[in-house]
file model.txt (compact mmCIF, C-alpha atoms and all ligand atoms)
# COMPACT_ATOMS: atom_id res chain seq x y z
CA MET A 1012 -27.62 -2.05 -36.61
CA ALA A 1013 -26.52 -1.23 -33.04
CA GLU A 1014 -27.96 2.02 -31.65
CA ARG A 1015 -25.28 4.35 -30.24
CA ALA A 1016 -26.04 5.40 -26.66
CA ASP A 1017 -25.04 7.88 -23.99
CA VAL A 1018 -23.12 6.15 -21.21
CA PHE A 1019 -24.04 6.62 -17.55
CA PHE A 1020 -22.51 5.80 -14.20
CA VAL A 1021 -25.67 4.67 -12.48
CA ASP A 1022 -24.26 3.70 -9.11
CA GLY A 1023 -21.14 2.47 -7.38
CA VAL A 1024 -20.22 0.95 -4.02
CA ARG A 1025 -17.07 -0.29 -2.39
CA THR A 1026 -15.85 -2.25 0.56
CA PRO A 1027 -14.26 -0.29 3.37
CA PHE A 1028 -10.53 -0.31 2.59
CA GLY A 1029 -8.24 -2.25 4.93
CA ARG A 1030 -4.55 -2.01 5.71
CA ALA A 1031 -2.61 -4.67 3.87
CA GLY A 1032 -0.83 -7.24 5.98
CA GLU A 1033 -1.43 -9.25 9.09
CA LYS A 1034 -2.90 -6.31 11.00
CA GLY A 1035 -5.32 -5.61 8.18
CA ILE A 1036 -9.02 -6.27 8.58
CA TYR A 1037 -9.04 -8.49 5.48
CA TRP A 1038 -6.02 -10.61 6.28
CA ASN A 1039 -8.35 -13.63 6.60
CA THR A 1040 -10.69 -12.60 3.78
CA ARG A 1041 -10.32 -13.70 0.17
CA ALA A 1042 -9.90 -11.02 -2.49
CA ASP A 1043 -12.67 -12.43 -4.69
CA ASP A 1044 -15.05 -12.44 -1.72
CA LEU A 1045 -14.50 -8.69 -1.36
CA VAL A 1046 -15.72 -8.23 -4.93
CA VAL A 1047 -18.64 -10.61 -4.41
CA LYS A 1048 -19.84 -8.77 -1.29
CA ALA A 1049 -19.57 -5.42 -3.05
CA MET A 1050 -21.40 -6.79 -6.10
CA ILE A 1051 -24.26 -8.16 -4.00
CA GLY A 1052 -24.48 -4.78 -2.26
CA LEU A 1053 -24.63 -2.99 -5.62
CA LEU A 1054 -27.36 -5.27 -6.97
CA GLU A 1055 -29.41 -4.96 -3.78
CA ARG A 1056 -29.27 -1.19 -4.15
CA ASN A 1057 -30.45 -1.40 -7.74
CA PRO A 1058 -33.24 -3.99 -7.77
CA GLN A 1059 -34.84 -2.44 -10.88
CA VAL A 1060 -32.09 -3.94 -13.04
CA PRO A 1061 -32.96 -7.57 -13.82
CA LYS A 1062 -29.79 -9.59 -13.21
CA GLU A 1063 -30.24 -11.56 -16.42
CA ARG A 1064 -30.14 -8.29 -18.38
CA ILE A 1065 -26.55 -7.53 -17.32
CA ASP A 1066 -24.48 -7.84 -20.49
CA GLU A 1067 -20.99 -7.96 -19.02
CA VAL A 1068 -19.07 -8.08 -15.76
CA GLY A 1069 -15.55 -6.62 -16.05
CA ILE A 1070 -13.43 -6.85 -12.89
CA ALA A 1071 -9.83 -5.67 -12.67
CA ALA A 1072 -6.89 -6.82 -10.58
CA THR A 1073 -3.21 -6.10 -11.02
CA SER A 1074 -2.09 -9.41 -9.65
CA GLN A 1075 -4.20 -12.00 -11.44
CA GLN A 1076 -3.29 -15.10 -9.51
CA GLY A 1077 -4.55 -17.10 -6.55
CA ASP A 1078 -7.78 -15.63 -5.22
CA GLN A 1079 -7.44 -12.79 -7.76
CA GLY A 1080 -7.01 -15.17 -10.69
CA LEU A 1081 -9.31 -17.27 -12.85
CA THR A 1082 -11.13 -14.53 -14.80
CA LEU A 1083 -12.46 -12.52 -11.88
CA GLY A 1084 -15.42 -11.01 -13.74
CA ARG A 1085 -16.79 -14.48 -14.40
CA THR A 1086 -16.02 -16.10 -11.06
CA THR A 1087 -17.31 -13.23 -8.94
CA ALA A 1088 -20.51 -12.92 -10.99
CA LEU A 1089 -21.26 -16.61 -10.44
CA LEU A 1090 -20.49 -16.29 -6.74
CA ALA A 1091 -22.70 -13.20 -6.44
CA GLY A 1092 -25.70 -15.07 -7.82
CA ILE A 1093 -25.75 -13.42 -11.22
CA PRO A 1094 -27.27 -15.86 -13.77
CA ARG A 1095 -24.85 -18.13 -15.61
CA THR A 1096 -25.96 -16.65 -18.91
CA VAL A 1097 -24.17 -13.38 -18.02
CA PRO A 1098 -20.55 -13.30 -19.25
CA GLY A 1099 -17.58 -11.77 -17.49
CA TYR A 1100 -13.87 -11.07 -17.86
CA ALA A 1101 -10.80 -9.88 -15.98
CA ILE A 1102 -8.86 -6.78 -16.84
CA ASP A 1103 -5.49 -5.26 -15.91
CA ARG A 1104 -4.03 -1.80 -16.27
CA MET A 1105 -2.39 -1.83 -12.85
CA CYS A 1106 -3.76 1.11 -10.81
CA ALA A 1107 -6.24 2.09 -13.52
CA GLY A 1108 -7.81 -1.39 -13.72
CA ALA A 1109 -11.28 -0.46 -12.50
CA MET A 1110 -11.15 2.79 -14.46
CA THR A 1111 -10.36 0.77 -17.58
CA ALA A 1112 -13.16 -1.68 -16.78
CA VAL A 1113 -15.56 1.29 -16.72
CA THR A 1114 -14.26 2.78 -19.97
CA GLN A 1115 -14.30 -0.63 -21.69
CA VAL A 1116 -17.84 -1.59 -20.77
CA GLY A 1117 -18.83 2.05 -21.26
CA SER A 1118 -17.43 1.95 -24.80
CA ALA A 1119 -19.38 -1.22 -25.55
CA ILE A 1120 -22.52 0.47 -24.25
CA GLY A 1121 -21.79 3.58 -26.31
CA PHE A 1122 -21.37 1.40 -29.39
CA GLY A 1123 -24.69 -0.28 -28.69
CA ALA A 1124 -23.39 -3.77 -27.98
CA TYR A 1125 -24.41 -3.74 -24.29
CA ASP A 1126 -27.23 -2.11 -22.31
CA VAL A 1127 -26.02 -2.60 -18.74
CA ALA A 1128 -22.75 -3.81 -17.29
CA ILE A 1129 -20.88 -4.11 -14.01
CA ALA A 1130 -17.32 -2.77 -13.82
CA GLY A 1131 -14.96 -2.73 -10.86
CA GLY A 1132 -11.72 -3.90 -9.40
CA VAL A 1133 -9.99 -5.40 -6.43
CA GLU A 1134 -6.55 -5.54 -4.92
CA HIS A 1135 -5.62 -7.46 -1.85
CA MET A 1136 -2.12 -6.04 -1.48
CA GLY A 1137 -1.65 -8.07 1.69
CA ARG A 1138 -2.10 -11.36 -0.14
CA HIS A 1139 -0.64 -10.06 -3.39
CA PRO A 1140 2.17 -7.54 -2.82
CA LEU A 1141 2.77 -5.36 -5.87
CA GLY A 1142 4.92 -7.25 -8.37
CA ALA A 1143 4.96 -10.51 -6.39
CA GLY A 1144 5.15 -13.50 -8.71
CA ALA A 1145 5.76 -11.27 -11.72
CA ASP A 1146 8.69 -12.03 -13.99
CA PRO A 1147 9.56 -8.80 -15.83
CA ASN A 1148 11.51 -9.45 -19.00
CA PRO A 1149 15.23 -8.94 -18.24
CA ARG A 1150 15.53 -6.93 -21.47
CA PHE A 1151 13.79 -4.05 -19.70
CA VAL A 1152 16.89 -3.50 -17.65
CA SER A 1153 19.66 -5.14 -19.74
CA GLU A 1154 18.75 -3.08 -22.79
CA LYS A 1155 18.04 -0.02 -20.65
CA LEU A 1156 14.45 0.15 -21.91
CA VAL A 1157 13.51 1.31 -18.44
CA SER A 1158 15.53 1.91 -15.32
CA ALA A 1159 15.23 -0.77 -12.62
CA ASP A 1160 13.85 2.03 -10.41
CA ALA A 1161 10.80 2.31 -12.62
CA LEU A 1162 9.40 -0.83 -11.04
CA ASN A 1163 9.43 0.78 -7.60
CA MET A 1164 6.63 3.32 -7.46
CA GLY A 1165 8.07 5.21 -4.50
CA LYS A 1166 11.32 5.75 -6.38
CA THR A 1167 9.38 7.15 -9.33
CA ALA A 1168 7.77 9.60 -6.92
CA GLU A 1169 11.21 10.70 -5.66
CA ARG A 1170 12.13 11.43 -9.29
CA ILE A 1171 9.19 13.82 -9.62
CA HIS A 1172 10.54 15.72 -6.62
CA ASP A 1173 13.92 15.84 -8.43
CA ARG A 1174 12.33 17.20 -11.56
CA TYR A 1175 10.24 19.86 -9.83
CA PRO A 1176 12.27 21.17 -6.87
CA HIS A 1177 9.71 23.90 -6.24
CA LEU A 1178 7.26 21.12 -5.27
CA THR A 1179 8.96 20.73 -1.93
CA LYS A 1180 8.65 18.04 0.71
CA GLU A 1181 6.94 20.62 2.90
CA ARG A 1182 4.25 21.14 0.23
CA ALA A 1183 3.81 17.37 -0.20
CA ASP A 1184 3.50 16.93 3.56
CA ARG A 1185 0.98 19.74 3.86
CA TYR A 1186 -1.06 18.28 1.02
CA SER A 1187 -0.97 14.87 2.76
CA MET A 1188 -2.01 16.28 6.13
CA ARG A 1189 -4.93 18.05 4.46
CA SER A 1190 -5.98 14.84 2.75
CA GLN A 1191 -6.18 13.14 6.14
CA GLN A 1192 -8.13 16.08 7.57
CA LYS A 1193 -10.54 16.20 4.63
CA VAL A 1194 -11.30 12.48 4.88
CA ALA A 1195 -11.89 12.83 8.63
CA ALA A 1196 -14.26 15.74 8.02
CA ALA A 1197 -16.08 13.83 5.27
CA TYR A 1198 -16.51 10.84 7.60
CA ALA A 1199 -17.73 13.09 10.40
CA ALA A 1200 -20.29 14.57 8.04
CA GLY A 1201 -21.38 11.10 6.90
CA LYS A 1202 -20.35 11.64 3.27
CA ILE A 1203 -18.35 8.45 2.70
CA GLN A 1204 -20.35 5.82 4.58
CA PRO A 1205 -23.46 5.62 2.31
CA ASP A 1206 -21.44 3.99 -0.48
CA LEU A 1207 -19.64 1.44 1.70
CA VAL A 1208 -20.83 -2.17 1.86
CA PRO A 1209 -20.06 -3.49 5.37
CA ILE A 1210 -17.99 -6.66 5.29
CA ALA A 1211 -18.00 -9.44 7.90
CA VAL A 1212 -14.40 -10.10 8.88
CA GLN A 1213 -12.66 -12.71 10.97
CA SER A 1214 -9.74 -12.09 13.28
CA GLU A 1215 -8.25 -13.76 16.35
CA GLU A 1216 -10.96 -12.04 18.41
CA GLY A 1217 -13.70 -13.67 16.33
CA TRP A 1218 -16.11 -12.20 13.80
CA GLY A 1219 -16.53 -8.48 13.33
CA LEU A 1220 -17.90 -6.02 10.82
CA ALA A 1221 -15.74 -3.67 8.75
CA THR A 1222 -17.66 -0.44 8.29
CA GLU A 1223 -14.97 2.15 7.64
CA ASP A 1224 -11.54 2.58 6.08
CA GLN A 1225 -8.83 1.28 8.35
CA GLY A 1226 -5.81 3.29 7.34
CA MET A 1227 -6.97 6.80 8.20
CA ARG A 1228 -4.68 8.93 10.37
CA PRO A 1229 -6.84 11.95 11.25
CA ASP A 1230 -4.37 13.27 13.83
CA THR A 1231 -1.57 13.71 11.30
CA THR A 1232 0.55 16.81 11.96
CA MET A 1233 3.26 18.55 9.97
CA GLU A 1234 5.71 17.78 12.79
CA GLY A 1235 4.81 14.10 12.71
CA LEU A 1236 5.24 13.97 8.94
CA ALA A 1237 8.54 15.84 9.04
CA GLY A 1238 10.04 13.17 11.29
CA LEU A 1239 9.19 10.16 9.10
CA LYS A 1240 11.76 8.04 7.31
CA THR A 1241 12.14 8.27 3.55
CA PRO A 1242 11.96 4.58 2.63
CA PHE A 1243 12.54 4.99 -1.09
CA ARG A 1244 15.79 6.99 -0.92
CA THR A 1245 18.27 8.02 1.75
CA HIS A 1246 17.57 11.68 2.50
CA GLY A 1247 14.65 11.52 0.09
CA ARG A 1248 11.36 13.39 0.28
CA VAL A 1249 8.66 10.73 -0.01
CA THR A 1250 7.51 9.12 3.26
CA ALA A 1251 4.80 6.74 4.46
CA GLY A 1252 2.85 9.91 5.29
CA SER A 1253 2.93 11.30 1.76
CA SER A 1254 2.31 7.95 0.03
CA SER A 1255 -0.88 5.98 -0.32
CA PRO A 1256 -0.62 3.06 2.08
CA LEU A 1257 -0.62 -0.58 0.97
CA THR A 1258 -4.32 -1.46 0.95
CA ASP A 1259 -6.90 -4.21 0.49
CA GLY A 1260 -10.30 -3.43 -1.01
CA ALA A 1261 -12.80 -3.78 -3.85
CA THR A 1262 -15.10 -1.50 -5.83
CA VAL A 1263 -17.95 -2.12 -8.28
CA SER A 1264 -20.15 0.10 -10.41
CA LEU A 1265 -23.23 -0.18 -12.56
CA ILE A 1266 -22.84 1.35 -16.01
CA ALA A 1267 -25.81 1.71 -18.38
CA GLY A 1268 -26.84 3.22 -21.69
CA SER A 1269 -29.65 5.67 -22.38
CA ASP A 1270 -32.21 3.02 -23.35
CA ALA A 1271 -31.56 0.91 -20.26
CA VAL A 1272 -31.83 4.02 -18.06
CA LYS A 1273 -35.28 4.64 -19.54
CA GLU A 1274 -36.42 1.02 -19.56
CA PHE A 1275 -35.47 0.31 -15.94
CA GLY A 1276 -36.28 3.77 -14.61
CA LEU A 1277 -32.75 4.40 -13.36
CA ALA A 1278 -31.50 7.70 -11.94
CA PRO A 1279 -27.90 7.94 -13.19
CA LYS A 1280 -25.37 9.79 -11.06
CA MET A 1281 -23.01 10.83 -13.89
CA ARG A 1282 -22.77 10.85 -17.69
CA MET A 1283 -19.48 9.89 -19.30
CA VAL A 1284 -18.25 12.76 -21.48
CA SER A 1285 -14.82 11.55 -22.59
CA PHE A 1286 -11.89 9.47 -21.46
CA ALA A 1287 -8.25 9.02 -22.35
CA PHE A 1288 -5.21 7.03 -21.38
CA ALA A 1289 -1.67 8.15 -22.14
CA GLY A 1290 1.89 6.98 -21.62
CA VAL A 1291 4.89 8.74 -20.06
CA ASP A 1292 8.39 7.58 -19.10
CA PRO A 1293 7.97 4.73 -16.60
CA GLU A 1294 10.58 6.39 -14.34
CA ILE A 1295 8.17 9.28 -13.71
CA MET A 1296 4.93 7.34 -13.89
CA GLY A 1297 3.18 9.78 -11.55
CA LEU A 1298 3.05 12.39 -14.31
CA GLY A 1299 0.80 10.12 -16.41
CA PRO A 1300 -2.48 11.88 -15.62
CA VAL A 1301 -1.17 15.14 -17.10
CA PRO A 1302 -1.24 13.99 -20.75
CA SER A 1303 -4.27 11.75 -20.22
CA THR A 1304 -6.20 14.70 -18.79
CA GLU A 1305 -5.07 17.00 -21.62
CA LYS A 1306 -6.29 14.39 -24.08
CA ALA A 1307 -9.61 13.77 -22.33
CA LEU A 1308 -10.24 17.53 -22.18
CA ARG A 1309 -9.41 17.86 -25.87
CA LYS A 1310 -11.77 15.01 -26.78
CA ALA A 1311 -14.51 16.66 -24.72
CA GLY A 1312 -13.88 20.11 -26.20
CA LEU A 1313 -13.35 21.47 -22.68
CA THR A 1314 -10.57 23.19 -20.76
CA ILE A 1315 -9.48 22.62 -17.19
CA ASP A 1316 -11.45 25.74 -16.21
CA ASP A 1317 -14.66 23.90 -17.13
CA ILE A 1318 -13.94 21.24 -14.51
CA GLY A 1319 -15.68 22.05 -11.24
CA LEU A 1320 -14.53 19.01 -9.25
CA LEU A 1321 -11.38 16.93 -9.54
CA GLU A 1322 -11.10 13.49 -7.97
CA LEU A 1323 -7.41 12.66 -8.29
CA ASN A 1324 -5.94 9.44 -7.03
CA GLU A 1325 -3.29 10.25 -4.47
CA ALA A 1326 -0.76 7.50 -5.17
CA PHE A 1327 1.77 10.00 -3.82
CA ALA A 1328 1.28 13.62 -2.80
CA ILE A 1329 4.02 14.74 -5.17
CA GLN A 1330 2.34 13.33 -8.27
CA VAL A 1331 -0.91 15.14 -7.45
CA LEU A 1332 1.02 18.36 -6.86
CA ALA A 1333 2.75 17.94 -10.22
CA LEU A 1334 -0.61 17.70 -11.99
CA LEU A 1335 -2.03 20.69 -10.13
CA ASP A 1336 1.12 22.69 -10.90
CA HIS A 1337 0.85 21.81 -14.59
CA PHE A 1338 -2.72 23.11 -14.75
CA GLY A 1339 -2.03 26.16 -12.57
CA ILE A 1340 -4.27 24.93 -9.73
CA ASP A 1341 -3.40 25.73 -6.10
CA ASP A 1342 -2.34 22.89 -3.80
CA ASP A 1343 -5.40 23.53 -1.64
CA ASP A 1344 -7.92 24.42 -4.33
CA PRO A 1345 -11.35 23.44 -2.98
CA ARG A 1346 -12.25 21.72 -6.27
CA VAL A 1347 -9.60 19.07 -5.65
CA ASN A 1348 -10.47 15.95 -3.64
CA PRO A 1349 -12.88 17.82 -1.36
CA TRP A 1350 -13.39 14.67 0.73
CA GLY A 1351 -9.72 13.74 0.78
CA GLY A 1352 -8.06 10.91 -1.05
CA ALA A 1353 -5.97 7.80 -1.21
CA ILE A 1354 -3.24 9.04 1.13
CA ALA A 1355 -5.84 8.68 3.87
CA VAL A 1356 -8.33 6.05 2.68
CA GLY A 1357 -5.79 3.88 0.83
CA HIS A 1358 -5.18 2.76 -2.71
CA PRO A 1359 -5.98 -0.88 -3.47
CA LEU A 1360 -4.44 -0.54 -6.94
CA ALA A 1361 -6.91 -1.92 -9.48
CA ALA A 1362 -9.92 -0.96 -7.33
CA SER A 1363 -9.24 2.75 -6.95
CA GLY A 1364 -10.58 4.10 -10.25
CA VAL A 1365 -14.16 3.33 -9.26
CA ARG A 1366 -13.62 4.79 -5.78
CA LEU A 1367 -12.83 8.11 -7.45
CA MET A 1368 -16.06 7.83 -9.46
CA ILE A 1369 -18.16 6.91 -6.40
CA GLN A 1370 -16.81 9.96 -4.61
CA LEU A 1371 -17.30 12.32 -7.55
CA ALA A 1372 -20.86 11.04 -8.07
CA ALA A 1373 -21.73 11.73 -4.44
CA GLN A 1374 -20.35 15.27 -4.73
CA PHE A 1375 -22.23 15.92 -7.97
CA ALA A 1376 -25.49 15.24 -6.11
CA GLU A 1377 -24.61 18.01 -3.65
CA ARG A 1378 -23.27 20.44 -6.24
CA PRO A 1379 -25.84 21.40 -8.88
CA ASP A 1380 -23.61 24.40 -9.64
CA VAL A 1381 -20.97 22.04 -11.09
CA ARG A 1382 -21.41 20.71 -14.60
CA TYR A 1383 -18.21 18.74 -15.22
CA GLY A 1384 -15.91 16.67 -13.05
CA LEU A 1385 -12.69 14.75 -13.64
CA THR A 1386 -11.47 11.43 -12.28
CA ALA A 1387 -7.77 10.85 -12.97
CA MET A 1388 -4.96 8.62 -11.84
CA CYS A 1389 -1.40 7.61 -12.53
CA VAL A 1390 -0.50 4.06 -13.46
CA GLY A 1391 2.62 1.99 -12.81
CA LEU A 1392 5.06 1.67 -15.71
CA GLY A 1393 4.22 5.14 -16.91
CA GLN A 1394 0.60 5.71 -17.78
CA GLY A 1395 -2.22 8.01 -16.84
CA GLY A 1396 -5.97 7.59 -17.08
CA SER A 1397 -8.64 10.32 -17.05
CA VAL A 1398 -12.41 10.27 -17.36
CA ILE A 1399 -14.53 13.42 -17.62
CA TRP A 1400 -18.09 13.24 -16.32
CA GLU A 1401 -21.16 15.45 -16.56
CA ASN A 1402 -23.40 16.12 -13.57
CA PRO A 1403 -27.05 15.25 -14.29
CA HIS A 1404 -28.02 17.52 -11.37
CA TRP A 1405 -26.40 20.56 -13.00
CA ASN A 1406 -28.71 23.56 -12.64
CA GLY A 1407 -27.73 25.10 -15.98
CA LYS A 1408 -26.06 28.10 -14.35
CA LYS A 1409 -22.46 29.18 -14.64
CA ARG A 1410 -20.24 28.10 -11.75
CA SER A 1411 -19.07 30.90 -9.47
CA ARG A 1412 -15.46 29.58 -9.43
C1 LIG A 1501 5.50 4.06 2.00
C2 LIG A 1501 5.40 2.61 2.44
C3 LIG A 1501 6.66 1.83 2.04
C4 LIG A 1501 5.24 2.60 3.95
O1 LIG A 1501 5.01 1.30 4.38
P1 LIG A 1501 5.05 0.91 5.92
O2 LIG A 1501 6.40 1.21 6.47
O3 LIG A 1501 4.50 -0.45 6.05
O4 LIG A 1501 4.00 1.96 6.47
P2 LIG A 1501 3.50 2.23 7.93
O5 LIG A 1501 2.04 2.46 7.87
O6 LIG A 1501 4.00 1.17 8.85
O7 LIG A 1501 4.18 3.60 8.25
C5 LIG A 1501 5.57 3.70 8.54
C6 LIG A 1501 5.74 4.57 9.76
O8 LIG A 1501 5.25 5.87 9.43
C7 LIG A 1501 4.26 6.26 10.36
N1 LIG A 1501 3.26 7.05 9.67
C8 LIG A 1501 2.64 6.74 8.52
N2 LIG A 1501 1.78 7.73 8.17
C9 LIG A 1501 1.88 8.67 9.15
C10 LIG A 1501 1.24 9.91 9.35
N3 LIG A 1501 0.33 10.37 8.49
N4 LIG A 1501 1.60 10.63 10.43
C11 LIG A 1501 2.53 10.16 11.32
N5 LIG A 1501 3.15 8.97 11.17
C12 LIG A 1501 2.83 8.24 10.09
C13 LIG A 1501 3.71 4.96 10.90
O9 LIG A 1501 3.11 5.14 12.17
C14 LIG A 1501 4.93 4.10 10.97
O10 LIG A 1501 5.65 4.43 12.11
P3 LIG A 1501 6.46 3.31 12.93
O11 LIG A 1501 7.51 2.81 11.98
O12 LIG A 1501 7.01 4.09 14.09
O13 LIG A 1501 5.45 2.27 13.29
C15 LIG A 1501 4.15 1.91 1.80
O14 LIG A 1501 2.98 2.48 2.31
C16 LIG A 1501 4.16 2.04 0.29
O15 LIG A 1501 4.93 1.34 -0.38
N6 LIG A 1501 3.29 2.91 -0.26
C17 LIG A 1501 3.22 3.11 -1.70
C18 LIG A 1501 2.34 2.06 -2.31
C19 LIG A 1501 2.44 2.10 -3.80
O16 LIG A 1501 3.50 2.12 -4.39
N7 LIG A 1501 1.28 2.09 -4.43
C20 LIG A 1501 1.22 2.16 -5.86
C21 LIG A 1501 1.21 3.56 -6.25
S1 LIG A 1501 1.39 3.74 -7.95

call {"tool": "encode", "arguments": {"input": "model.txt", "output": "structure tokens"}}
result
Amino acid sequence: MAERADVFFVDGVRTPFGRAGEKGIYWNTRADDLVVKAMIGLLERNPQVPKERIDEVGIAATSQQGDQGLTLGRTTALLAGIPRTVPGYAIDRMCAGAMTAVTQVGSAIGFGAYDVAIAGGVEHMGRHPLGAGADPNPRFVSEKLVSADALNMGKTAERIHDRYPHLTKERADRYSMRSQQKVAAAYAAGKIQPDLVPIAVQSEEGWGLATEDQGMRPDTTMEGLAGLKTPFRTHGRVTAGSSSPLTDGATVSLIAGSDAVKEFGLAPKMRMVSFAFAGVDPEIMGLGPVPSTEKALRKAGLTIDDIGLLELNEAFAIQVLALLDHFGIDDDDPRVNPWGGAIAVGHPLAASGVRLMIQLAAQFAERPDVRYGLTAMCVGLGQGGSVIWENPHWNGKKRSR
């Protein structure tokens, strides 16, 4: 009989994130190679884990074609030098792909089927623009199952502004500016770099090394944001400044059960407490993390007040503000994305879930006063995903705020 186990996030790394498109650092780099480089980096950092003992490699991508096709978990494991005996698969839940990879392999570990697994995701939005090559069933629109707008994420963000007029453009812009400033401060303090795997990149100037996120705009001002176009609606409220930019990048994590932690002498960075996914109307997909967080809290027997750190994916400023508003949390609450978020570092769709976890894990190490943290994100076509984590460094005392 399989032994049930606690599930741990042992470690996670990512590539620096690049701007999608011809000016992006990864324009000449294959998507699967981004995963391979990150995977090699992860394994080098965790030499105690024998590669042949990895039970599964789950890698997500939203667009599963071309260099993101062919069962990424299997192909990237082979390319990374993981023994052929180790199986792998590909997974897709759009933006929550890597998060789902973690919860899937984590569930198998919890059930006792696996001891150790790799979970991550990639999106090369330059090579695979969102929705390119997809053929949505015409019934979606002809039978009014969803509005045609629901397939354009920026338009769904405009609809959240419509629904909550008190969450103004000015608030979304301020939130976005702060995200840029927080990421810049985190970089200056050396918080982000330790979990980045440098990637050799080729451009017209020759070979170079990508060592930091490319899309950051640390000098963002409220005036600059106020003057930007609203590409998703004439006289709208969502701009390039309050959206996550189109991004290329990959993330991977090492997930293990209690026995493997003991056997290999691992020092896990987080314990999985609960997770949940939930659906909402596709037209307001950004609200997805509200019900998924409610559900994950309920499963964990916790309330939002128990959560000392929130790593929320900033697909759009407005959808983060809507979640904060729902839970009665201030726009600039220090528990929220203390090192900034996707508006500044980027959001390579299926990769981002593990970036949130990497960032939360690094904060846990610095915050023994915090017991629980949340990673949460919205998902295209109307879903949300939330995972609650426990800090192994928790000092057993009550948090001051
Ligand atoms: C919003 C979006 C359409 C903008 O794309 P883009 O036009 O290629 O973006 P750019 O980076 O070129 O920015 C557009 C302009 O805004 C400016 N800009 C962007 N961020 C800025 C900031 N923080 N401060 C000042 N200016 C800024 C750029 O400099 C650029 O100006 P220019 O036109 O004078 O060169 C694109 O980023 C997008 O679709 N984002 C959402 C992605 C998405 O849906 N993800 C899934 C979520 S579920």

call {"tool": "atom_distance", "arguments": {"input": "model.txt", "atom1": "atom CA of Phe1286 of chain A", "atom2": "atom CA of Met1050 of chain A"}}
result
24.3 Å

call {"tool": "axis_aligned_box", "arguments": {"input": "model.txt", "around": "ligand LIG 1501 (chain A)", "padding_each_side": "6 Å", "output": "JSON"}}
result
{"center_x": 3.9, "center_y": 5.1, "center_z": 3.1, "size_x": 19.2, "size_y": 23.1, "size_z": 34.0}

call {"tool": "closest_residue", "arguments": {"input": "model.txt", "among": "A:Glu1274, A:Asp1341, A:Asp1230, A:Asp1259", "to": "ligand LIG 1501 (chain A)", "atoms": "all atoms listed in the file"}}
result
A:Asp1230

call {"tool": "residues_near_ligand", "arguments": {"input": "model.txt", "ligand": "ligand LIG 1501 (chain A)", "cutoff": "7 Å", "atoms": "only C-alpha atoms and all ligand atoms", "output": "VMD selection string"}}
result
chain A and resid 1106 1163 to 1165 1188 1228 1231 to 1232 1235 to 1236 1239 1242 1250 to 1252 1254 to 1257 1326 to 1327 1358 1360 1389 to 1391

call {"tool": "atom_distance", "arguments": {"input": "model.txt", "atom1": "atom CA of Gly1117 of chain A", "atom2": "atom CA of Phe1020 of chain A"}}
result
8.8 Å

call {"tool": "closest_residue", "arguments": {"input": "model.txt", "among": "A:Gly1339, A:Gly1395, A:Ser1303, A:Val1097", "to": "Tyr1125 of chain A", "atoms": "all atoms listed in the file"}}
result
A:Val1097

call {"tool": "closest_residue", "arguments": {"input": "model.txt", "among": "A:Ala1353, A:Leu1320, A:Ala1195, A:Val1157", "to": "Met1296 of chain A", "atoms": "all atoms listed in the file"}}
result
A:Val1157

call {"tool": "residues_around", "arguments": {"input": "model.txt", "residues": "Ala1261 of chain A", "least_positions_apart": "6", "cutoff": "8 Å", "atoms": "all atoms listed in the file", "output": "list in words"}}
result
Arg1025, Thr1026, Phe1028, Ala1042, Leu1045, Val1046, Ala1049, Gly1131, Gly1132, Val1133, Glu1134, Pro1359 and Ala1362 of chain A

call {"tool": "closest_residue", "arguments": {"input": "model.txt", "among": "A:Gly1069, A:Gly1384, A:Pro1379, A:Gly1364", "to": "Val1347 of chain A", "atoms": "only C-alpha atoms"}}
result
A:Gly1384

call {"tool": "closest_residue", "arguments": {"input": "model.txt", "among": "A:His1172, A:Lys1048, A:Arg1346, A:Arg1030", "to": "Ala1333 of chain A", "atoms": "only C-alpha atoms"}}
result
A:His1172

call {"tool": "atom_distance", "arguments": {"input": "model.txt", "atom1": "atom CA of Pro1140 of chain A", "atom2": "atom CA of Gln1225 of chain A"}}
result
18.0 Å

call {"tool": "residues_around", "arguments": {"input": "model.txt", "residues": "Leu1323 of chain A", "least_positions_apart": "3", "cutoff": "12 Å", "atoms": "all atoms listed in the file", "output": "ChimeraX atom specification"}}
result
/A:1107,1190,1297,1299-1301,1304,1320,1326-1328,1330-1335,1346-1354,1358,1363-1368,1370-1371,1384-1389,1395-1399

call {"tool": "closest_residue", "arguments": {"input": "model.txt", "among": "A:Gly1217, A:Gly1052, A:Pro1176, A:Pro1027", "to": "Leu1265 of chain A", "atoms": "all atoms listed in the file"}}
result
A:Gly1052
